[in-house]
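S.K.: Below is one structure. I have some questions about it.
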Amino acid sequence: MRPSGASPLGWCSAAALVGASLVCVLPGRSLAQVEAPSGVIIGADPVRGREDTLETARGIAMGSGARATATGTSALAYNSSNLSLRRLYHVEAGFGYITGRNAFTIGSAVADSISNSLAAGFSFRGFFGNGRDYNGWDGRLGLGMALAPAISLGVGARFVRMTPRERDDNDTPIGEHASGFTLDASATLTPIEWLHISVLAYNLIDLDSALAPVQVGGSAGILVQEFGLALGFDVLVDISTFASPRVIGGFGAEYTAADIVPIRLGYRRDGGRNLHTLSLGAGYVDSKFELDFALRHDLRARRGPRQTELMLTVRYNVQ
């Protein structure tokens with residue numbers, strides 16, 4: 001798992017560009033962006049689409065409890081500062097399916113924290129099917145660097161294009177959609193080898209879409225690799241989707257039996273959509289290949305139909 005080789009990209013220049021963009025974005029958020037998104041009735045929260053374009057099988061299986069302990073391609077999706085948490089070089093392919101809706105996801109990702117001191121990753125995913133209100137794709141670049149043994153920072157640059165399946169007579173989109181460039185930022189503190197505390201911010205350039213919500217929050221997790229144990233708790237605040245900020249929180253647990261079979265369980269509570277979701281997963285790990293499977297099911301959904309989602313990923317360890 002420690003190959004030698006050329007740096008995958010010109011990471012340093014990319015990091016400087018993304019970091020400079022982030023500094024400009026934070027103080028300049030306009031008043032229009034803190035108002036309710038288009039279609040939101042003040043004082044009432046209608047059904048909004050779910051952001052499910054940046055998920056991994058491990059993250060799904062651990063509910064809302066995977067962010068502080070995410071590594072590799074999961075760090076690329078949830079917490080770029082953790083890209084430097086472990087030395088690895090992963091290449092991954094994934095497939096997701098929403099049962100009963102004929103909607104599916106296909107994508108791939110690469111995470112490399114060996115070739116350069118600046119860890120990096122890239123992912124691209126497409127979303128298809130008549131059962132989903134939108135189709136499109138999502139591309140993401142993540143960069144992470146350890147500033148000290150106990151502190152790491154990360155940024156993520158994302159370009160998303162999700163178009164609705166239907167339009168009205170004036171060619172106005174009907175349903176959720178998103179298009180444009182946005183940024184994420186994160187920081188992880190590791191005061192003890194097995195304890196990780198992360199501060200997270202997503203979609204700092206507001207695209208005015210529930211598919212790319214502006215969220216801030218934190219995560220705490222325990223990751224003891226010698227015992228194959230991971231526990232985590234996430235709390236996020238969605239400040240752009242609804243008429244007022246809404247909390248998303250939950251927990252997750254992972255245990256790797258015999259060092260080859262990870263078993264995962266998680267729970268997620270979405271305050272904006274009033275969803276209670278249970279998830280579970282399992283996998284297989286060896287020196288070269290990893291296989292992850294996850295299932296997520298809505299136990300209760302007061303607004304909108306309940307949903308069941310499956311995801312399968314296959315990962316290759318380059319060395």
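Chain labels run A, B, ... following the order of the structure tokens; each chain numbers its residues from 1, and ligands are numbered from 1 in the order shown.
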Which residues are close to Ile60 (chain A), i.e. within 8 Å by only C-alpha atoms, leaving aside same-chain residues fewer than 3 positions away? Reply as number ranges by chain.

M.R.: A: 55-57, 63-64, 266, 279-280, 294-296

S.K.: Excluding Phe122 (chain A) and any residue of its chain fewer than 4 positions from it, enumerate the residues within 10 Å of it, using only C-alpha atoms, and give them as an mmCIF file with N, CA and C atoms, in the first residue's frame.

M.R.:
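In the end it all went to selection_33.cif:
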data_model
loop_
_atom_site.group_PDB
_atom_site.id
_atom_site.type_symbol
_atom_site.label_atom_id
_atom_site.label_comp_id
_atom_site.auth_asym_id
_atom_site.auth_seq_id
_atom_site.Cartn_x
_atom_site.Cartn_y
_atom_site.Cartn_z
ATOM 1 N N THR A 73 -11.526 6.923 -0.055
ATOM 2 C CA THR A 73 -12.591 7.485 -0.879
ATOM 3 C C THR A 73 -13.748 8.014 -0.032
ATOM 4 N N LEU A 76 -12.840 11.498 0.778
ATOM 5 C CA LEU A 76 -13.088 12.349 -0.379
ATOM 6 C C LEU A 76 -14.538 12.813 -0.407
ATOM 7 N N ALA A 77 -15.462 11.939 -0.040
ATOM 8 C CA ALA A 77 -16.879 12.279 -0.070
ATOM 9 C C ALA A 77 -17.304 13.147 1.101
ATOM 10 N N VAL A 91 -8.327 2.829 -5.740
ATOM 11 C CA VAL A 91 -9.119 3.051 -6.943
ATOM 12 C C VAL A 91 -10.428 2.301 -6.748
ATOM 13 N N SER A 108 -16.962 6.326 -10.091
ATOM 14 C CA SER A 108 -15.631 5.843 -9.721
ATOM 15 C C SER A 108 -14.906 6.924 -8.939
ATOM 16 N N ALA A 109 -13.864 6.513 -8.221
ATOM 17 C CA ALA A 109 -13.103 7.459 -7.398
ATOM 18 C C ALA A 109 -11.676 6.965 -7.238
ATOM 19 N N VAL A 110 -10.770 7.917 -7.016
ATOM 20 C CA VAL A 110 -9.367 7.631 -6.730
ATOM 21 C C VAL A 110 -8.959 8.462 -5.525
ATOM 22 N N ALA A 111 -8.279 7.849 -4.563
ATOM 23 C CA ALA A 111 -7.744 8.561 -3.398
ATOM 24 C C ALA A 111 -6.283 8.159 -3.227
ATOM 25 N N ASP A 112 -5.397 9.151 -3.138
ATOM 26 C CA ASP A 112 -3.949 8.897 -3.078
ATOM 27 C C ASP A 112 -3.314 9.786 -2.011
ATOM 28 N N GLY A 139 -18.931 15.830 -10.214
ATOM 29 C CA GLY A 139 -17.480 15.641 -10.177
ATOM 30 C C GLY A 139 -16.870 16.359 -8.988
ATOM 31 N N ARG A 140 -15.862 15.756 -8.383
ATOM 32 C CA ARG A 140 -15.321 16.308 -7.149
ATOM 33 C C ARG A 140 -13.811 16.089 -7.069
ATOM 34 N N LEU A 141 -13.085 17.131 -6.640
ATOM 35 C CA LEU A 141 -11.658 17.059 -6.344
ATOM 36 C C LEU A 141 -11.459 17.415 -4.879
ATOM 37 N N GLY A 142 -10.751 16.572 -4.139
ATOM 38 C CA GLY A 142 -10.484 16.831 -2.733
ATOM 39 C C GLY A 142 -8.989 16.865 -2.452
ATOM 40 N N LEU A 143 -8.562 17.788 -1.589
ATOM 41 C CA LEU A 143 -7.165 17.929 -1.198
ATOM 42 C C LEU A 143 -7.078 17.978 0.317
ATOM 43 N N GLY A 156 -12.499 20.828 -0.701
ATOM 44 C CA GLY A 156 -13.080 20.060 -1.784
ATOM 45 C C GLY A 156 -13.696 20.984 -2.812
ATOM 46 N N ALA A 157 -13.376 20.778 -4.079
ATOM 47 C CA ALA A 157 -13.970 21.536 -5.174
ATOM 48 C C ALA A 157 -14.926 20.607 -5.914
ATOM 49 N N ARG A 158 -16.128 21.080 -6.138
ATOM 50 C CA ARG A 158 -17.173 20.225 -6.702
ATOM 51 C C ARG A 158 -17.887 20.956 -7.827
#

S.K.: Residues of region 70-152 of chain A classed as strand (DSSP E or B) by DSSP on the backbone are to be reported as number ranges by chain.

M.R.: A: 89-98, 103-112, 119-128, 134-148, 151-152

S.K.: Counting only C-alpha atoms, figure out which residue out of A:Gly49, A:Gly126, A:Gly65, A:Gly218 gets nearest to Gly252 (chain A).

M.R.: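 Counting only C-alpha atoms, the residue closest to Gly252 (chain A) is A:Gly65.
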
S.K.: Using only C-alpha atoms, can you tell me which of A:Asn170, A:Met62, A:Ala70, A:Pro164 comes closest to Tyr255 (chain A)?

M.R.: A:Met62

S.K.: What's the separation between CA of Glu92 (chain A) and CA of Tyr78 (chain A), in Å to one decimal place?

M.R.: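 According to the coordinates, CA of Glu92 (chain A) and CA of Tyr78 (chain A) are separated by 15.6 Å.
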